[in-house]
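Shown next: run02.tsv, containing TSV, C-alpha atoms and all ligand atoms.
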chain	number	residue	atom	x	y	z
A	149	MET	CA	0.00	0.00	0.00
A	150	SER	CA	1.39	3.33	-0.99
A	151	TRP	CA	1.76	5.81	1.83
A	152	PHE	CA	0.28	8.73	-0.05
A	153	GLN	CA	-3.17	7.24	-0.59
A	154	ARG	CA	-5.90	8.22	1.80
A	155	THR	CA	-7.25	5.16	3.55
A	156	GLY	CA	-9.37	6.81	6.24
A	157	LYS	CA	-13.06	7.33	5.52
A	158	GLY	CA	-14.77	10.70	5.58
A	159	ILE	CA	-11.71	12.64	4.53
A	160	ASN	CA	-12.67	13.06	0.90
A	161	THR	CA	-15.54	15.52	1.38
A	162	PRO	CA	-17.48	16.20	-1.83
A	163	THR	CA	-17.17	19.84	-2.90
A	164	GLU	CA	-20.90	20.52	-2.46
A	165	LEU	CA	-20.65	19.58	1.20
A	166	LYS	CA	-17.74	21.90	1.89
A	167	ARG	CA	-19.13	24.95	3.59
A	168	GLU	CA	-17.25	28.13	4.07
A	169	ALA	CA	-18.18	30.10	7.17
A	170	PRO	CA	-19.21	33.60	6.05
A	171	ASP	CA	-17.46	36.51	7.68
A	172	GLY	CA	-19.02	37.69	10.89
A	173	LEU	CA	-20.62	34.34	11.67
A	174	TRP	CA	-18.38	33.77	14.66
A	175	TYR	CA	-17.49	36.05	17.52
A	176	GLN	CA	-14.08	35.56	19.05
A	177	CYS	CA	-13.88	36.63	22.66
A	178	PRO	CA	-10.89	38.97	23.24
A	179	GLU	CA	-10.60	37.65	26.81
A	180	CYS	CA	-10.67	33.83	26.54
A	181	LYS	CA	-10.15	33.67	22.72
A	182	GLN	CA	-12.96	31.12	22.32
A	183	ALA	CA	-15.41	31.38	19.47
A	184	THR	CA	-19.18	31.66	19.74
A	185	HIS	CA	-21.75	31.72	16.98
A	186	THR	CA	-22.77	35.38	16.58
A	187	ARG	CA	-26.45	34.46	16.90
A	188	GLU	CA	-25.85	32.73	20.20
A	189	HIS	CA	-23.60	35.59	21.32
A	190	LYS	CA	-26.40	38.07	20.59
A	191	GLN	CA	-28.97	35.90	22.39
A	192	ASN	CA	-26.61	35.98	25.34
A	193	SER	CA	-26.80	39.81	25.40
A	194	PHE	CA	-23.32	40.03	23.82
A	195	THR	CA	-21.62	38.36	26.78
A	196	CYS	CA	-19.18	35.48	26.25
A	197	ILE	CA	-20.84	32.10	26.86
A	198	HIS	CA	-17.47	30.71	27.99
A	199	CYS	CA	-16.05	33.36	30.35
A	200	ASN	CA	-18.86	35.97	30.65
A	201	TYR	CA	-16.73	38.74	29.13
A	202	HIS	CA	-19.05	41.66	28.36
A	203	GLU	CA	-18.46	42.89	24.82
A	204	LYS	CA	-18.36	46.67	24.50
A	205	LEU	CA	-21.62	47.88	23.00
A	206	GLY	CA	-22.94	51.10	21.51
A	207	SER	CA	-26.17	52.94	22.23
A	208	GLU	CA	-28.25	51.10	19.61
A	209	ALA	CA	-27.49	47.69	21.15
A	210	TYR	CA	-28.42	48.93	24.65
A	211	PHE	CA	-31.65	50.47	23.37
A	212	GLN	CA	-32.51	47.16	21.69
A	213	LEU	CA	-31.73	45.28	24.90
A	214	LEU	CA	-33.69	47.53	27.22
A	215	PHE	CA	-36.70	48.98	25.42
A	216	ASP	CA	-39.70	46.69	24.92
A	217	GLU	CA	-39.62	45.29	21.38
A	218	GLY	CA	-36.60	47.52	20.76
A	219	LYS	CA	-38.91	50.47	20.10
A	220	TYR	CA	-38.02	53.98	21.20
A	221	THR	CA	-38.22	57.66	20.25
A	222	GLU	CA	-34.87	59.37	20.00
A	223	LEU	CA	-34.60	62.90	21.39
A	224	ASP	CA	-32.41	65.61	19.84
A	225	ALA	CA	-31.17	63.12	17.25
A	226	ASN	CA	-29.52	65.73	15.05
A	227	MET	CA	-27.74	67.91	17.59
A	228	ARG	CA	-24.22	68.54	16.32
A	229	SER	CA	-21.10	70.01	17.77
A	230	ALA	CA	-19.89	73.54	17.03
A	231	ASP	CA	-16.21	74.49	17.10
A	232	PRO	CA	-16.11	77.29	19.65
A	233	LEU	CA	-12.33	77.20	20.10
A	234	GLU	CA	-11.44	76.67	16.42
A	235	PHE	CA	-9.41	73.78	17.69
A	236	VAL	CA	-6.76	72.12	15.54
A	237	ASP	CA	-4.54	69.19	16.55
A	238	THR	CA	-3.48	66.73	13.84
A	239	LYS	CA	-6.55	67.99	12.00
A	240	ALA	CA	-9.22	70.65	12.45
A	241	TYR	CA	-11.98	69.65	14.91
A	242	PRO	CA	-14.86	70.09	12.37
A	243	ASP	CA	-13.01	67.77	9.97
A	244	ARG	CA	-12.55	65.22	12.74
A	245	ILE	CA	-16.27	65.37	13.50
A	246	VAL	CA	-17.24	64.82	9.86
A	247	GLN	CA	-14.79	61.94	9.53
A	248	THR	CA	-16.02	60.30	12.75
A	249	GLU	CA	-19.64	60.73	11.67
A	250	LYS	CA	-18.90	58.83	8.47
A	251	LYS	CA	-17.01	56.08	10.23
A	252	SER	CA	-19.40	55.53	13.13
A	253	GLY	CA	-22.75	56.49	11.63
A	254	LEU	CA	-23.33	58.60	14.76
A	255	VAL	CA	-23.53	62.38	15.12
A	256	ASP	CA	-21.98	62.57	18.59
A	257	ALA	CA	-20.92	60.41	21.54
A	258	CYS	CA	-24.33	60.19	23.24
A	259	ARG	CA	-27.87	59.32	22.24
A	260	THR	CA	-31.00	59.90	24.31
A	261	ALA	CA	-34.27	58.06	23.86
A	262	GLU	CA	-37.64	57.62	25.50
A	263	GLY	CA	-39.40	54.29	25.43
A	264	ILE	CA	-41.07	51.59	27.46
A	265	MET	CA	-39.16	49.13	29.64
A	266	HIS	CA	-41.24	46.21	30.98
A	267	GLY	CA	-44.36	48.30	30.53
A	268	LYS	CA	-43.11	51.53	32.17
A	269	ALA	CA	-41.87	54.70	30.47
A	270	ILE	CA	-38.22	55.65	30.93
A	271	THR	CA	-35.65	58.04	29.46
A	272	ILE	CA	-32.27	56.49	28.66
A	273	SER	CA	-29.11	58.35	27.67
A	274	CYS	CA	-26.34	56.12	26.39
A	275	MET	CA	-22.81	57.04	25.39
A	276	ASP	CA	-21.01	55.71	22.31
A	277	PHE	CA	-17.30	55.01	22.68
A	278	GLY	CA	-16.98	54.81	18.88
A	279	PHE	CA	-17.34	58.59	18.63
A	280	ILE	CA	-14.02	60.20	19.65
A	281	GLY	CA	-13.59	57.81	22.58
A	282	GLY	CA	-17.03	58.57	24.02
A	283	SER	CA	-15.67	61.95	25.00
A	284	MET	CA	-17.96	64.45	26.67
A	285	GLY	CA	-18.32	67.66	24.71
A	286	SER	CA	-21.12	70.21	24.74
A	287	VAL	CA	-23.45	68.00	22.66
A	288	VAL	CA	-23.10	65.07	25.07
A	289	GLY	CA	-23.74	67.34	28.06
A	290	GLU	CA	-26.69	69.05	26.41
A	291	LYS	CA	-28.30	65.79	25.30
A	292	ILE	CA	-28.02	64.38	28.82
A	293	ALA	CA	-29.39	67.62	30.30
A	294	ARG	CA	-32.36	67.51	27.92
A	295	GLY	CA	-32.88	63.83	28.65
A	296	ILE	CA	-33.14	64.73	32.33
A	297	ASP	CA	-35.57	67.54	31.40
A	298	ASN	CA	-37.69	64.97	29.58
A	299	SER	CA	-37.78	62.79	32.70
A	300	LEU	CA	-38.65	65.82	34.84
A	301	LYS	CA	-41.46	66.92	32.56
A	302	LYS	CA	-43.00	63.45	32.24
A	303	LYS	CA	-42.12	62.27	35.75
A	304	ILE	CA	-40.42	59.13	34.44
A	305	PRO	CA	-37.13	57.59	35.64
A	306	PHE	CA	-33.80	58.43	34.04
A	307	LEU	CA	-31.12	55.86	33.21
A	308	MET	CA	-27.65	56.94	32.16
A	309	ILE	CA	-25.32	54.41	30.52
A	310	SER	CA	-21.78	55.78	30.63
A	311	LYS	CA	-18.83	54.70	28.51
A	312	SER	CA	-16.28	57.42	28.14
A	313	GLY	CA	-12.67	58.48	28.05
A	314	GLY	CA	-13.64	61.71	29.82
A	315	ALA	CA	-13.86	65.32	28.69
A	316	ARG	CA	-13.36	66.16	25.02
A	317	MET	CA	-10.11	68.06	24.77
A	318	MET	CA	-11.15	69.81	21.54
A	319	GLU	CA	-13.79	71.67	23.54
A	320	ALA	CA	-11.62	72.22	26.63
A	321	GLY	CA	-13.49	74.45	29.13
A	322	PHE	CA	-16.81	73.92	27.35
A	323	SER	CA	-16.48	70.19	28.08
A	324	LEU	CA	-15.82	70.81	31.74
A	325	MET	CA	-18.93	73.01	32.00
A	326	GLN	CA	-20.99	69.93	31.09
A	327	MET	CA	-20.02	68.38	34.43
A	328	ALA	CA	-21.66	71.24	36.32
A	329	LYS	CA	-24.64	71.45	33.98
A	330	THR	CA	-25.54	67.75	34.13
A	331	SER	CA	-24.99	67.66	37.89
A	332	ALA	CA	-27.30	70.66	38.39
A	333	LYS	CA	-29.99	69.01	36.26
A	334	LEU	CA	-29.68	65.80	38.29
A	335	ALA	CA	-30.17	67.83	41.45
A	336	LEU	CA	-33.52	69.02	40.04
A	337	LEU	CA	-34.48	65.43	39.31
A	338	ASP	CA	-33.57	64.49	42.86
A	339	ARG	CA	-35.65	67.35	44.26
A	340	ALA	CA	-38.62	66.14	42.21
A	341	GLY	CA	-38.20	62.65	43.69
A	342	ILE	CA	-37.67	60.99	40.31
A	343	PRO	CA	-35.17	58.10	40.28
A	344	TYR	CA	-31.85	58.30	38.50
A	345	ILE	CA	-29.89	55.11	37.88
A	346	SER	CA	-26.32	55.33	36.62
A	347	LEU	CA	-24.89	52.31	34.83
A	348	LEU	CA	-21.12	52.44	34.38
A	349	THR	CA	-19.77	50.28	31.56
A	350	ASP	CA	-16.29	49.54	30.31
A	351	PRO	CA	-14.60	52.07	30.38
A	352	THR	CA	-15.92	55.02	32.38
A	353	THR	CA	-13.23	57.54	33.24
A	354	GLY	CA	-12.32	61.20	33.66
A	355	GLY	CA	-14.89	63.99	33.89
A	356	VAL	CA	-17.76	61.55	33.33
A	357	THR	CA	-16.85	59.56	36.46
A	358	ALA	CA	-16.33	62.86	38.24
A	359	SER	CA	-19.85	64.08	37.47
A	360	PHE	CA	-23.10	62.40	36.43
A	361	ALA	CA	-21.83	58.79	36.38
A	362	MET	CA	-21.31	58.78	40.15
A	363	LEU	CA	-24.43	60.75	41.08
A	364	GLY	CA	-27.05	58.04	40.69
A	365	ASP	CA	-29.57	57.10	43.35
A	366	PHE	CA	-28.01	53.77	42.42
A	367	ASN	CA	-24.57	53.59	40.86
A	368	ILE	CA	-24.21	50.20	39.22
A	369	ALA	CA	-21.72	48.66	36.81
A	370	GLU	CA	-21.21	45.81	34.40
A	371	PRO	CA	-18.77	43.07	35.49
A	372	GLY	CA	-15.11	43.78	34.80
A	373	ALA	CA	-15.70	47.39	33.75
A	374	LEU	CA	-12.76	49.77	34.10
A	375	ILE	CA	-13.91	52.71	36.19
A	376	GLY	CA	-11.66	55.51	37.33
A	377	PHE	CA	-10.81	59.17	37.15
A	378	ALA	CA	-7.13	59.46	36.18
A	379	GLY	CA	-5.21	56.58	34.62
A	380	PRO	CA	-3.14	54.26	36.85
A	381	ARG	CA	0.22	55.66	35.68
A	382	ILE	CA	-0.70	59.22	36.67
A	383	ILE	CA	-1.93	58.07	40.09
A	384	ARG	CA	1.18	55.97	40.70
A	385	GLU	CA	3.43	58.92	39.89
A	386	THR	CA	1.37	61.29	42.02
A	387	ILE	CA	1.16	59.20	45.19
A	388	GLY	CA	4.54	57.47	44.67
A	389	LYS	CA	3.11	54.05	45.57
A	390	ASP	CA	2.22	50.89	43.71
A	391	LEU	CA	-1.46	50.35	43.17
A	392	PRO	CA	-3.37	47.33	44.51
A	393	LYS	CA	-4.30	44.47	42.21
A	394	GLY	CA	-7.57	44.89	40.32
A	395	PHE	CA	-7.52	48.62	41.04
A	396	GLN	CA	-10.17	50.51	39.01
A	397	THR	CA	-12.28	47.45	38.17
A	398	ALA	CA	-15.99	47.39	38.95
A	399	GLU	CA	-15.38	44.57	41.46
A	400	PHE	CA	-12.72	46.58	43.33
A	401	LEU	CA	-14.97	49.64	43.43
A	402	LEU	CA	-17.90	47.58	44.74
A	403	GLU	CA	-15.73	46.21	47.54
A	404	HIS	CA	-14.68	49.75	48.48
A	405	GLY	CA	-18.18	51.17	48.52
A	406	PHE	CA	-18.21	53.20	45.32
A	407	LEU	CA	-20.86	51.05	43.65
A	408	ASP	CA	-24.18	49.67	44.84
A	409	PHE	CA	-24.08	46.49	42.81
A	410	ILE	CA	-22.71	44.85	39.71
A	411	VAL	CA	-25.24	43.65	37.19
A	412	ASP	CA	-24.75	40.97	34.57
A	413	ARG	CA	-25.98	42.34	31.26
A	414	LYS	CA	-28.24	39.30	30.78
A	415	ASP	CA	-30.19	40.40	33.90
A	416	LEU	CA	-29.96	44.14	33.25
A	417	LYS	CA	-33.48	44.78	31.98
A	418	ASP	CA	-35.20	42.65	34.63
A	419	LYS	CA	-33.11	44.14	37.43
A	420	MET	CA	-33.70	47.71	36.22
A	421	ALA	CA	-37.45	47.12	36.00
A	422	SER	CA	-37.72	45.52	39.45
A	423	LEU	CA	-35.53	48.24	40.99
A	424	MET	CA	-37.75	50.94	39.48
A	425	ALA	CA	-40.88	49.15	40.69
A	426	MET	CA	-39.40	49.05	44.19
A	427	ILE	CA	-38.45	52.72	44.42
A	428	TYR	CA	-40.95	54.48	42.17
A	429	LYS	CA	-44.60	54.12	41.25
B	1	ZN	ZN	-14.67	34.66	26.70
If you convert what's in this file into structure tokens, what do you get?
Amino acid sequence: MSWFQRTGKGINTPTELKREAPDGLWYQCPECKQATHTREHKQNSFTCIHCNYHEKLGSEAYFQLLFDEGKYTELDANMRSADPLEFVDTKAYPDRIVQTEKKSGLVDACRTAEGIMHGKAITISCMDFGFIGGSMGSVVGEKIARGIDNSLKKKIPFLMISKSGGARMMEAGFSLMQMAKTSAKLALLDRAGIPYISLLTDPTTGGVTASFAMLGDFNIAEPGALIGFAGPRIIRETIGKDLPKGFQTAEFLLEHGFLDFIVDRKDLKDKMASLMAMIYK
């Protein structure tokens, strides 16, 4: 018997039975590297079925997850950024905006919508990391402020989903003013006795952590989310000490009292709805 002949059965697959997997059919987890069928991954709320890694999502995916039948009305959908400082770094800020709009299909780093969640009306503002690192400029601040206004006017709860690198440097001082503006609006919501839940997702840092993201009646986070103000290197250099293990993870923050609880994305909608039912009629 010649050594180059195939003797094993089932090796010679007829061409019509050879199937190529189309692109995008499998999701490979960046954490455990295992593959999941994209349909199954989606059914699992975009969390890894092997290690529970929570894939980073944009506003549309969260709206689909949380609003009944994925239906919602977007508020201020076309609000766009101005260029008050005529800022130029490697390119002019307006050019960067146009380019990012094309790439991401978004008009800024936050979207606000009103809809129904398990039968009750709610306003949700959700940040998009895909738009200049989810940075907070005047549009983000204004959309959140108006989202809060919507909740105030209709007496419905407000949910903020944060995912941000912090203030948008191209708007400098105007970005920082958003911290005060959103915080003041949240104070009005508090005075009216309307609940505000803040969900911190991976990553939430800088001026966002330092303002609305930490001002919830409940501050909650997704598992494994990076949450902090300054980056670890800056802190290490400032305090001249090594940082503890797991520093700036949601789990570390929960242990140290900065968060109320961590919620698995698969339970997010049910938990939000039961929490609202408990604290608000
Ligand atoms: Zn995984």
Got a sec to check which residues lie within 9 Å of ligand ZN 1 (chain B), using only C-alpha atoms and all ligand atoms, and send them as a ChimeraX atom specification? /A:176-184,195-202
Convert the current residue selection to file output with C-alpha atoms, as an mmCIF file, keeping the file's coordinate frame.
data_model
loop_
_atom_site.group_PDB
_atom_site.id
_atom_site.type_symbol
_atom_site.label_atom_id
_atom_site.label_comp_id
_atom_site.auth_asym_id
_atom_site.auth_seq_id
_atom_site.Cartn_x
_atom_site.Cartn_y
_atom_site.Cartn_z
ATOM 1 C CA GLN A 176 -14.080 35.560 19.050
ATOM 2 C CA CYS A 177 -13.880 36.630 22.660
ATOM 3 C CA PRO A 178 -10.890 38.970 23.240
ATOM 4 C CA GLU A 179 -10.600 37.650 26.810
ATOM 5 C CA CYS A 180 -10.670 33.830 26.540
ATOM 6 C CA LYS A 181 -10.150 33.670 22.720
ATOM 7 C CA GLN A 182 -12.960 31.120 22.320
ATOM 8 C CA ALA A 183 -15.410 31.380 19.470
ATOM 9 C CA THR A 184 -19.180 31.660 19.740
ATOM 10 C CA THR A 195 -21.620 38.360 26.780
ATOM 11 C CA CYS A 196 -19.180 35.480 26.250
ATOM 12 C CA ILE A 197 -20.840 32.100 26.860
ATOM 13 C CA HIS A 198 -17.470 30.710 27.990
ATOM 14 C CA CYS A 199 -16.050 33.360 30.350
ATOM 15 C CA ASN A 200 -18.860 35.970 30.650
ATOM 16 C CA TYR A 201 -16.730 38.740 29.130
ATOM 17 C CA HIS A 202 -19.050 41.660 28.360
#
In Å and to one decimal, atom CA of Gly394 of chain A is distant from atom CA of Leu205 of chain A by 22.5 Å
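In this comparison, which uses all atoms listed in the file, the residue of A:Met227, A:Met317, A:Ile245, A:Met265 approaching Asp418 of chain A most closely is A:Met265.
Take the candidates A:Glu262, A:Met420, A:Phe409, A:Gly253 and check each one against Gly218 of chain A using only C-alpha atoms; the shortest distance goes to A:Glu262.
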Using only C-alpha atoms, I'd like a table of the residues in segment 172-278 of chain A that come within 12 Å of segment 295-310 of chain A; for each, show the closest atom pair and its distance in Å rounded to one decimal, ordered by chain and ascending number, as a Markdown table.
| residue | atom | partner | partner_atom | distance |
| --- | --- | --- | --- | --- |
| A:Lys204 | CA | A:Ser310 | CA | 11.5 |
| A:Leu205 | CA | A:Ile309 | CA | 10.6 |
| A:Gly206 | CA | A:Ile309 | CA | 9.9 |
| A:Ser207 | CA | A:Ile309 | CA | 8.5 |
| A:Glu208 | CA | A:Ile309 | CA | 11.8 |
| A:Ala209 | CA | A:Ile309 | CA | 11.7 |
| A:Tyr210 | CA | A:Ile309 | CA | 8.6 |
| A:Phe211 | CA | A:Ile309 | CA | 10.3 |
| A:Leu214 | CA | A:Leu307 | CA | 10.6 |
| A:Phe215 | CA | A:Leu307 | CA | 11.8 |
| A:Thr221 | CA | A:Gly295 | CA | 11.7 |
| A:Glu222 | CA | A:Gly295 | CA | 9.9 |
| A:Leu223 | CA | A:Gly295 | CA | 7.5 |
| A:Asp224 | CA | A:Gly295 | CA | 9.0 |
| A:Ala225 | CA | A:Gly295 | CA | 11.5 |
| A:Ala257 | CA | A:Ser310 | CA | 10.2 |
| A:Cys258 | CA | A:Ser310 | CA | 9.0 |
| A:Arg259 | CA | A:Gly295 | CA | 9.3 |
| A:Thr260 | CA | A:Gly295 | CA | 6.1 |
| A:Ala261 | CA | A:Gly295 | CA | 7.6 |
| A:Glu262 | CA | A:Asn298 | CA | 8.4 |
| A:Gly263 | CA | A:Ile304 | CA | 10.3 |
| A:Ile264 | CA | A:Ile304 | CA | 10.3 |
| A:Met265 | CA | A:Pro305 | CA | 10.6 |
| A:Lys268 | CA | A:Ile304 | CA | 8.4 |
| A:Ala269 | CA | A:Ile304 | CA | 6.1 |
| A:Ile270 | CA | A:Pro305 | CA | 5.2 |
| A:Thr271 | CA | A:Phe306 | CA | 5.0 |
| A:Ile272 | CA | A:Leu307 | CA | 4.7 |
| A:Ser273 | CA | A:Met308 | CA | 4.9 |
| A:Cys274 | CA | A:Ile309 | CA | 4.6 |
| A:Met275 | CA | A:Ser310 | CA | 5.5 |
| A:Asp276 | CA | A:Ser310 | CA | 8.4 |
| A:Phe277 | CA | A:Ser310 | CA | 9.2 |
Pull C-alpha atoms from the residues just selected and write them as a PDB file, in the frame of the given file.
ATOM      1  CA  LYS A 204     -18.360  46.670  24.500  1.00  0.00           C
ATOM      2  CA  LEU A 205     -21.620  47.880  23.000  1.00  0.00           C
ATOM      3  CA  GLY A 206     -22.940  51.100  21.510  1.00  0.00           C
ATOM      4  CA  SER A 207     -26.170  52.940  22.230  1.00  0.00           C
ATOM      5  CA  GLU A 208     -28.250  51.100  19.610  1.00  0.00           C
ATOM      6  CA  ALA A 209     -27.490  47.690  21.150  1.00  0.00           C
ATOM      7  CA  TYR A 210     -28.420  48.930  24.650  1.00  0.00           C
ATOM      8  CA  PHE A 211     -31.650  50.470  23.370  1.00  0.00           C
ATOM      9  CA  LEU A 214     -33.690  47.530  27.220  1.00  0.00           C
ATOM     10  CA  PHE A 215     -36.700  48.980  25.420  1.00  0.00           C
ATOM     11  CA  THR A 221     -38.220  57.660  20.250  1.00  0.00           C
ATOM     12  CA  GLU A 222     -34.870  59.370  20.000  1.00  0.00           C
ATOM     13  CA  LEU A 223     -34.600  62.900  21.390  1.00  0.00           C
ATOM     14  CA  ASP A 224     -32.410  65.610  19.840  1.00  0.00           C
ATOM     15  CA  ALA A 225     -31.170  63.120  17.250  1.00  0.00           C
ATOM     16  CA  ALA A 257     -20.920  60.410  21.540  1.00  0.00           C
ATOM     17  CA  CYS A 258     -24.330  60.190  23.240  1.00  0.00           C
ATOM     18  CA  ARG A 259     -27.870  59.320  22.240  1.00  0.00           C
ATOM     19  CA  THR A 260     -31.000  59.900  24.310  1.00  0.00           C
ATOM     20  CA  ALA A 261     -34.270  58.060  23.860  1.00  0.00           C
ATOM     21  CA  GLU A 262     -37.640  57.620  25.500  1.00  0.00           C
ATOM     22  CA  GLY A 263     -39.400  54.290  25.430  1.00  0.00           C
ATOM     23  CA  ILE A 264     -41.070  51.590  27.460  1.00  0.00           C
ATOM     24  CA  MET A 265     -39.160  49.130  29.640  1.00  0.00           C
ATOM     25  CA  LYS A 268     -43.110  51.530  32.170  1.00  0.00           C
ATOM     26  CA  ALA A 269     -41.870  54.700  30.470  1.00  0.00           C
ATOM     27  CA  ILE A 270     -38.220  55.650  30.930  1.00  0.00           C
ATOM     28  CA  THR A 271     -35.650  58.040  29.460  1.00  0.00           C
ATOM     29  CA  ILE A 272     -32.270  56.490  28.660  1.00  0.00           C
ATOM     30  CA  SER A 273     -29.110  58.350  27.670  1.00  0.00           C
ATOM     31  CA  CYS A 274     -26.340  56.120  26.390  1.00  0.00           C
ATOM     32  CA  MET A 275     -22.810  57.040  25.390  1.00  0.00           C
ATOM     33  CA  ASP A 276     -21.010  55.710  22.310  1.00  0.00           C
ATOM     34  CA  PHE A 277     -17.300  55.010  22.680  1.00  0.00           C
TER      35      PHE A 277
END
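Straight-line separation from atom CA of Ile410 of chain A to atom CA of Gly341 of chain A: 23.9 Å.
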Residues near segment 365-367 of chain A, anyone? I mean within 10 Å using all atoms listed in the file, not counting same-chain ones fewer than 4 positions away, as a PDB file with C-alpha atoms, in the frame of the given file.
ATOM      1  CA  LEU A 307     -31.120  55.860  33.210  1.00  0.00           C
ATOM      2  CA  MET A 308     -27.650  56.940  32.160  1.00  0.00           C
ATOM      3  CA  ASP A 338     -33.570  64.490  42.860  1.00  0.00           C
ATOM      4  CA  ILE A 342     -37.670  60.990  40.310  1.00  0.00           C
ATOM      5  CA  PRO A 343     -35.170  58.100  40.280  1.00  0.00           C
ATOM      6  CA  TYR A 344     -31.850  58.300  38.500  1.00  0.00           C
ATOM      7  CA  ILE A 345     -29.890  55.110  37.880  1.00  0.00           C
ATOM      8  CA  SER A 346     -26.320  55.330  36.620  1.00  0.00           C
ATOM      9  CA  LEU A 347     -24.890  52.310  34.830  1.00  0.00           C
ATOM     10  CA  LEU A 348     -21.120  52.440  34.380  1.00  0.00           C
ATOM     11  CA  PHE A 360     -23.100  62.400  36.430  1.00  0.00           C
ATOM     12  CA  ALA A 361     -21.830  58.790  36.380  1.00  0.00           C
ATOM     13  CA  LEU A 402     -17.900  47.580  44.740  1.00  0.00           C
ATOM     14  CA  PHE A 406     -18.210  53.200  45.320  1.00  0.00           C
ATOM     15  CA  LEU A 407     -20.860  51.050  43.650  1.00  0.00           C
ATOM     16  CA  ASP A 408     -24.180  49.670  44.840  1.00  0.00           C
ATOM     17  CA  PHE A 409     -24.080  46.490  42.810  1.00  0.00           C
ATOM     18  CA  ILE A 410     -22.710  44.850  39.710  1.00  0.00           C
ATOM     19  CA  LEU A 423     -35.530  48.240  40.990  1.00  0.00           C
ATOM     20  CA  ILE A 427     -38.450  52.720  44.420  1.00  0.00           C
TER      21      ILE A 427
END
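Using all atoms listed in the file, the protein and nucleic acid residues lying at most 9 Å from the point (-12.0, 62.6, 20.4) are Tyr241, Arg244, Ile245, Thr248, Phe279, Ile280, Gly281, Gly282, Ser283, Met284, Gly313, Ala315, Arg316, Met317 and Met318 of chain A.
Take atom CA of Val288 of chain A and atom CA of Gln326 of chain A: the distance between them is 8.0 Å.
Take the candidates A:Arg339, A:Gly388, A:Thr186, A:Gln191 and check each one against Leu173 of chain A using all atoms listed in the file; the shortest distance goes to A:Thr186.
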Just the residues within 7 Å of Asp412 of chain A, please, counting all atoms listed in the file, with nothing from its chain fewer than 3 positions along; format it as an MDAnalysis selection string. chainID A and resid 370:371 415:416
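The closest residue to Lys251 of chain A, picked from A:Gly372, A:Ser323, A:Thr349, A:Gly278 and counting all atoms listed in the file, is A:Gly278.
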